[in-house]
Amino acid sequence: MVATEVAIVASGGANISSLRFALGRLGVNSVLTADPDVIRNASHVILPGVGAAADAMQSLKKQQLQSFIAELTQPVLGICLGMQLLAEHSEEHRTSCLGIVPAIARKLHGSTRRPVPNTGWCPIQVTRDHPLLHEIKNGSYFYFLHSYALPVCRFTLATAAHEKRFSAVLAYRNFVATQFHPERSSLAGARLLSNFLQLRR
């Protein structure tokens, strides 16, 4: 693959090293940045995240990126918390998010059989065709680590199950997102990242 510069938004996520290594294995250059010009001129943008929605939103507001992200026109990938930040709100500390995807991130219901956070490898069920899921088989396993998720909605591309099914992958305009961590999901995750890098404006 031809080297492409991917802008990773500096939103305070803790999975940056593994994400950059995963992109590097695909022959892709990436830069961690909060510079609007760098983000705007990148061919692809990734909004990562591990942690609390309120902290991430505070970081984005401090860097004046809150409204800017919604105006991006190139392919944007939200990962884990980054997916939830694309929503209107999160139940986590009643946080107002970026308001891009008309949905609310809700806390998972736990049980002795399915504790919260949901941690580990889970299969996805593909519900809609999309280039992001090209050559990814129904039932493929991905690595999850989360306590909140977006419900299944008309933008859902694939679901996964906890006590209830939730959106594992979604697409809305030029924004796509995964609740799982593709950078930690072996060959299936690499395939998804590669597919994302093939998306165009």
# chains A, B, ... in the order shown; residues from 1 in each chain; ligands from 1

$ select_by_dssp --residues "range 77-174 of chain A" --states "strand (DSSP E or B)" --output "PyMOL selection string"
chain A and resi 77-79+87-90+95-96+101-107+118-123+125-126+141-146+148-149+156-161+165-172

$ write_last_selection --atoms "N, CA and C atoms" --output "compact mmCIF listing (two decimals), in the first residue's frame"
# COMPACT_ATOMS: atom_id res chain seq x y z
N LEU A 77 -12.58 7.66 11.30
CA LEU A 77 -12.84 6.42 12.04
C LEU A 77 -12.80 6.69 13.53
N GLY A 78 -13.90 6.43 14.23
CA GLY A 78 -13.92 6.48 15.68
C GLY A 78 -13.70 5.10 16.25
N ILE A 79 -12.81 4.98 17.22
CA ILE A 79 -12.48 3.68 17.81
C ILE A 79 -12.83 3.69 19.29
N ALA A 87 -21.42 10.40 19.11
CA ALA A 87 -22.84 10.48 19.43
C ALA A 87 -23.22 11.85 19.97
N GLU A 88 -24.52 12.01 20.22
CA GLU A 88 -25.01 13.27 20.78
C GLU A 88 -24.66 13.39 22.26
N HIS A 89 -24.86 12.29 22.97
CA HIS A 89 -24.63 12.29 24.41
C HIS A 89 -24.09 10.94 24.84
N SER A 90 -23.51 10.93 26.05
CA SER A 90 -23.13 9.69 26.72
C SER A 90 -23.74 9.70 28.11
N THR A 95 -22.60 13.29 29.70
CA THR A 95 -21.68 14.08 28.88
C THR A 95 -22.28 14.42 27.53
N SER A 96 -22.21 15.69 27.14
CA SER A 96 -22.55 16.10 25.78
C SER A 96 -21.36 15.78 24.88
N VAL A 101 -23.42 11.69 15.17
CA VAL A 101 -24.33 10.56 14.97
C VAL A 101 -25.52 10.73 15.92
N PRO A 102 -26.74 10.72 15.41
CA PRO A 102 -27.91 10.89 16.27
C PRO A 102 -28.18 9.65 17.12
N ALA A 103 -27.46 9.53 18.23
CA ALA A 103 -27.58 8.37 19.12
C ALA A 103 -27.04 8.76 20.49
N ILE A 104 -27.31 7.93 21.46
CA ILE A 104 -26.84 8.15 22.83
C ILE A 104 -26.06 6.91 23.29
N ALA A 105 -24.85 7.13 23.81
CA ALA A 105 -24.05 6.02 24.36
C ALA A 105 -24.62 5.66 25.73
N ARG A 106 -25.01 4.40 25.89
CA ARG A 106 -25.65 3.97 27.13
C ARG A 106 -24.78 2.93 27.84
N LYS A 107 -24.88 2.91 29.17
CA LYS A 107 -24.10 1.97 29.97
C LYS A 107 -24.60 0.55 29.73
N ASN A 118 -17.18 -4.87 29.52
CA ASN A 118 -17.12 -5.99 28.59
C ASN A 118 -15.69 -6.06 28.06
N THR A 119 -14.98 -7.11 28.42
CA THR A 119 -13.56 -7.21 28.08
C THR A 119 -13.28 -8.53 27.40
N GLY A 120 -12.61 -8.46 26.25
CA GLY A 120 -12.16 -9.68 25.60
C GLY A 120 -12.66 -9.80 24.17
N TRP A 121 -12.54 -11.00 23.65
CA TRP A 121 -12.85 -11.27 22.25
C TRP A 121 -14.32 -11.64 22.10
N CYS A 122 -15.02 -10.94 21.18
CA CYS A 122 -16.44 -11.20 20.92
C CYS A 122 -16.65 -11.26 19.41
N PRO A 123 -17.56 -12.13 18.97
CA PRO A 123 -17.88 -12.17 17.54
C PRO A 123 -18.84 -11.05 17.16
N GLN A 125 -21.87 -9.70 14.39
CA GLN A 125 -22.88 -10.13 13.43
C GLN A 125 -23.09 -9.00 12.43
N VAL A 126 -22.71 -9.22 11.20
CA VAL A 126 -22.82 -8.20 10.16
C VAL A 126 -24.28 -8.05 9.77
N TYR A 141 -14.10 -12.46 15.12
CA TYR A 141 -13.88 -12.02 16.49
C TYR A 141 -13.02 -10.76 16.52
N PHE A 142 -13.40 -9.83 17.42
CA PHE A 142 -12.65 -8.60 17.63
C PHE A 142 -12.50 -8.38 19.13
N TYR A 143 -11.51 -7.56 19.50
CA TYR A 143 -11.22 -7.33 20.91
C TYR A 143 -11.96 -6.10 21.43
N PHE A 144 -12.75 -6.29 22.49
CA PHE A 144 -13.56 -5.23 23.09
C PHE A 144 -13.06 -4.91 24.50
N LEU A 145 -13.19 -3.64 24.87
CA LEU A 145 -12.93 -3.21 26.24
C LEU A 145 -13.76 -1.94 26.47
N HIS A 146 -14.96 -2.08 27.06
CA HIS A 146 -15.84 -0.92 27.18
C HIS A 146 -16.93 -1.17 28.21
N TYR A 148 -19.67 1.32 27.99
CA TYR A 148 -20.76 2.02 27.33
C TYR A 148 -20.77 1.63 25.86
N ALA A 149 -21.93 1.77 25.22
CA ALA A 149 -22.03 1.43 23.80
C ALA A 149 -23.22 2.15 23.19
N THR A 156 -26.23 1.17 12.03
CA THR A 156 -25.43 0.03 12.46
C THR A 156 -25.05 -0.84 11.26
N LEU A 157 -23.77 -1.22 11.21
CA LEU A 157 -23.28 -2.15 10.18
C LEU A 157 -23.09 -3.55 10.74
N ALA A 158 -22.79 -3.64 12.03
CA ALA A 158 -22.58 -4.93 12.69
C ALA A 158 -22.88 -4.78 14.17
N THR A 159 -23.33 -5.85 14.77
CA THR A 159 -23.64 -5.83 16.19
C THR A 159 -22.77 -6.84 16.94
N ALA A 160 -22.73 -6.69 18.25
CA ALA A 160 -22.13 -7.68 19.14
C ALA A 160 -23.06 -7.79 20.34
N ALA A 161 -22.86 -8.82 21.16
CA ALA A 161 -23.79 -9.10 22.24
C ALA A 161 -23.12 -8.98 23.60
N ARG A 165 -27.83 -6.78 22.51
CA ARG A 165 -26.98 -6.48 21.37
C ARG A 165 -26.76 -4.98 21.28
N PHE A 166 -25.59 -4.58 20.81
CA PHE A 166 -25.25 -3.17 20.67
C PHE A 166 -24.52 -2.97 19.35
N SER A 167 -24.34 -1.73 18.96
CA SER A 167 -23.63 -1.43 17.71
C SER A 167 -22.14 -1.69 17.87
N ALA A 168 -21.63 -2.61 17.10
CA ALA A 168 -20.19 -2.89 17.10
C ALA A 168 -19.49 -2.09 16.00
N VAL A 169 -20.21 -1.82 14.91
CA VAL A 169 -19.68 -1.03 13.78
C VAL A 169 -20.83 -0.20 13.25
N LEU A 170 -20.55 1.05 12.92
CA LEU A 170 -21.59 1.88 12.30
C LEU A 170 -20.98 2.80 11.27
N ALA A 171 -21.85 3.37 10.44
CA ALA A 171 -21.43 4.33 9.42
C ALA A 171 -22.48 5.42 9.31
N TYR A 172 -22.02 6.67 9.29
CA TYR A 172 -22.90 7.82 9.14
C TYR A 172 -22.16 8.85 8.31

$ closest_residue --among "A:Val176, A:Ala53, A:Val116, A:Ile46" --to "Ile100 in chain A" --atoms "only C-alpha atoms"
A:Val176

$ residues_around --residues "Lys164 in chain A" --least-positions-apart "6" --cutoff "9 Å" --atoms "only C-alpha atoms" --output "PyMOL selection string"
chain A and resi 108-109+151

$ atom_distance --atom1 "CA of Gln179 in chain A" --atom2 "CA of Asn41 in chain A"
25.9 Å

$ atom_distance --atom1 "CA of Leu72 in chain A" --atom2 "CA of Arg201 in chain A"
10.0 Å

$ residues_around --residues "Leu85 in chain A" --least-positions-apart "2" --cutoff "6 Å" --atoms "only C-alpha atoms" --output "ChimeraX atom specification"
/A:82-83,87,97-98

$ write_last_selection --atoms "N, CA and C atoms" --output "short mmCIF file (atom, residue, chain, number, x, y, z; two decimals), in the first residue's frame"
data_model
loop_
_atom_site.label_atom_id
_atom_site.label_comp_id
_atom_site.auth_asym_id
_atom_site.auth_seq_id
_atom_site.Cartn_x
_atom_site.Cartn_y
_atom_site.Cartn_z
N GLY A 82 -13.85 6.67 21.02
CA GLY A 82 -13.98 7.55 19.86
C GLY A 82 -15.30 7.36 19.14
N MET A 83 -15.81 6.13 19.12
CA MET A 83 -17.13 5.86 18.54
C MET A 83 -18.20 6.54 19.36
N ALA A 87 -21.42 10.40 19.11
CA ALA A 87 -22.84 10.48 19.43
C ALA A 87 -23.22 11.85 19.97
N CYS A 97 -21.62 15.07 23.80
CA CYS A 97 -20.54 14.64 22.90
C CYS A 97 -20.54 15.48 21.62
N LEU A 98 -20.00 14.94 20.54
CA LEU A 98 -19.79 15.74 19.33
C LEU A 98 -21.06 15.98 18.53
#

$ atom_distance --atom1 "CA of Glu5 in chain A" --atom2 "CA of Arg128 in chain A"
28.8 Å

$ closest_residue --among "A:His162, A:Ala34, A:Val28, A:Ser140" --to "Pro115 in chain A" --atoms "only C-alpha atoms"
A:His162

$ residues_around --residues "Arg40 in chain A" --least-positions-apart "4" --cutoff "12 Å" --atoms "only C-alpha atoms" --output "ChimeraX atom specification"
/A:5-9,33-36,44-46,65,68-76

$ write_last_selection --atoms "N, CA and C atoms" --output "PDB file, in the first residue's frame"
ATOM      1  N   GLU A   5      -0.633   9.621   4.918  1.00  0.00           N
ATOM      2  CA  GLU A   5      -0.568  10.225   6.233  1.00  0.00           C
ATOM      3  C   GLU A   5      -1.951  10.250   6.854  1.00  0.00           C
ATOM      4  N   VAL A   6      -2.059   9.573   7.984  1.00  0.00           N
ATOM      5  CA  VAL A   6      -3.300   9.516   8.742  1.00  0.00           C
ATOM      6  C   VAL A   6      -3.141  10.396   9.970  1.00  0.00           C
ATOM      7  N   ALA A   7      -4.096  11.256  10.209  1.00  0.00           N
ATOM      8  CA  ALA A   7      -4.072  12.097  11.400  1.00  0.00           C
ATOM      9  C   ALA A   7      -4.835  11.387  12.510  1.00  0.00           C
ATOM     10  N   ILE A   8      -4.170  11.142  13.639  1.00  0.00           N
ATOM     11  CA  ILE A   8      -4.804  10.593  14.828  1.00  0.00           C
ATOM     12  C   ILE A   8      -5.062  11.756  15.767  1.00  0.00           C
ATOM     13  N   VAL A   9      -6.317  12.011  16.072  1.00  0.00           N
ATOM     14  CA  VAL A   9      -6.675  13.168  16.882  1.00  0.00           C
ATOM     15  C   VAL A   9      -6.199  12.957  18.320  1.00  0.00           C
ATOM     16  N   THR A  33      -1.927  14.377  16.524  1.00  0.00           N
ATOM     17  CA  THR A  33      -1.954  15.831  16.420  1.00  0.00           C
ATOM     18  C   THR A  33      -3.276  16.422  16.906  1.00  0.00           C
ATOM     19  N   ALA A  34      -3.191  17.663  17.340  1.00  0.00           N
ATOM     20  CA  ALA A  34      -4.384  18.470  17.627  1.00  0.00           C
ATOM     21  C   ALA A  34      -4.413  19.704  16.730  1.00  0.00           C
ATOM     22  N   ASP A  35      -3.532  19.742  15.732  1.00  0.00           N
ATOM     23  CA  ASP A  35      -3.429  20.876  14.825  1.00  0.00           C
ATOM     24  C   ASP A  35      -4.532  20.785  13.763  1.00  0.00           C
ATOM     25  N   PRO A  36      -5.468  21.729  13.732  1.00  0.00           N
ATOM     26  CA  PRO A  36      -6.564  21.654  12.758  1.00  0.00           C
ATOM     27  C   PRO A  36      -6.099  21.577  11.312  1.00  0.00           C
ATOM     28  N   HIS A  44      -7.033  10.658   5.827  1.00  0.00           N
ATOM     29  CA  HIS A  44      -7.919   9.936   6.733  1.00  0.00           C
ATOM     30  C   HIS A  44      -7.663  10.420   8.157  1.00  0.00           C
ATOM     31  N   VAL A  45      -8.707  10.380   8.976  1.00  0.00           N
ATOM     32  CA  VAL A  45      -8.608  10.832  10.358  1.00  0.00           C
ATOM     33  C   VAL A  45      -9.131   9.735  11.280  1.00  0.00           C
ATOM     34  N   ILE A  46      -8.429   9.516  12.389  1.00  0.00           N
ATOM     35  CA  ILE A  46      -8.874   8.543  13.384  1.00  0.00           C
ATOM     36  C   ILE A  46      -9.078   9.257  14.709  1.00  0.00           C
ATOM     37  N   LEU A  65     -11.413  21.663  19.160  1.00  0.00           N
ATOM     38  CA  LEU A  65     -11.668  20.687  18.103  1.00  0.00           C
ATOM     39  C   LEU A  65     -13.101  20.173  18.119  1.00  0.00           C
ATOM     40  N   PHE A  68     -14.958  21.456  15.079  1.00  0.00           N
ATOM     41  CA  PHE A  68     -14.130  21.233  13.898  1.00  0.00           C
ATOM     42  C   PHE A  68     -14.272  19.810  13.362  1.00  0.00           C
ATOM     43  N   ILE A  69     -14.310  18.818  14.245  1.00  0.00           N
ATOM     44  CA  ILE A  69     -14.369  17.417  13.807  1.00  0.00           C
ATOM     45  C   ILE A  69     -15.628  17.149  12.989  1.00  0.00           C
ATOM     46  N   ALA A  70     -16.738  17.726  13.396  1.00  0.00           N
ATOM     47  CA  ALA A  70     -17.996  17.514  12.680  1.00  0.00           C
ATOM     48  C   ALA A  70     -17.962  18.053  11.253  1.00  0.00           C
ATOM     49  N   GLU A  71     -17.056  18.971  10.978  1.00  0.00           N
ATOM     50  CA  GLU A  71     -16.975  19.593   9.657  1.00  0.00           C
ATOM     51  C   GLU A  71     -16.034  18.865   8.702  1.00  0.00           C
ATOM     52  N   LEU A  72     -15.359  17.819   9.190  1.00  0.00           N
ATOM     53  CA  LEU A  72     -14.427  17.091   8.334  1.00  0.00           C
ATOM     54  C   LEU A  72     -15.172  16.377   7.210  1.00  0.00           C
ATOM     55  N   THR A  73     -14.537  16.297   6.043  1.00  0.00           N
ATOM     56  CA  THR A  73     -15.180  15.667   4.880  1.00  0.00           C
ATOM     57  C   THR A  73     -14.479  14.393   4.432  1.00  0.00           C
ATOM     58  N   GLN A  74     -13.266  14.143   4.936  1.00  0.00           N
ATOM     59  CA  GLN A  74     -12.577  12.909   4.566  1.00  0.00           C
ATOM     60  C   GLN A  74     -13.067  11.766   5.467  1.00  0.00           C
ATOM     61  N   PRO A  75     -12.706  10.519   5.171  1.00  0.00           N
ATOM     62  CA  PRO A  75     -13.121   9.412   6.042  1.00  0.00           C
ATOM     63  C   PRO A  75     -12.567   9.581   7.459  1.00  0.00           C
ATOM     64  N   VAL A  76     -13.449   9.424   8.432  1.00  0.00           N
ATOM     65  CA  VAL A  76     -13.087   9.535   9.852  1.00  0.00           C
ATOM     66  C   VAL A  76     -13.496   8.233  10.536  1.00  0.00           C
TER      67      VAL A  76
END

$ closest_residue --among "A:Cys80, A:Met57, A:Ile124, A:Leu197" --to "Thr178 in chain A" --atoms "only C-alpha atoms"
A:Cys80

$ closest_residue --among "A:Arg25, A:Ala52, A:Gln64, A:Asn174" --to "Pro131 in chain A" --atoms "only C-alpha atoms"
A:Asn174
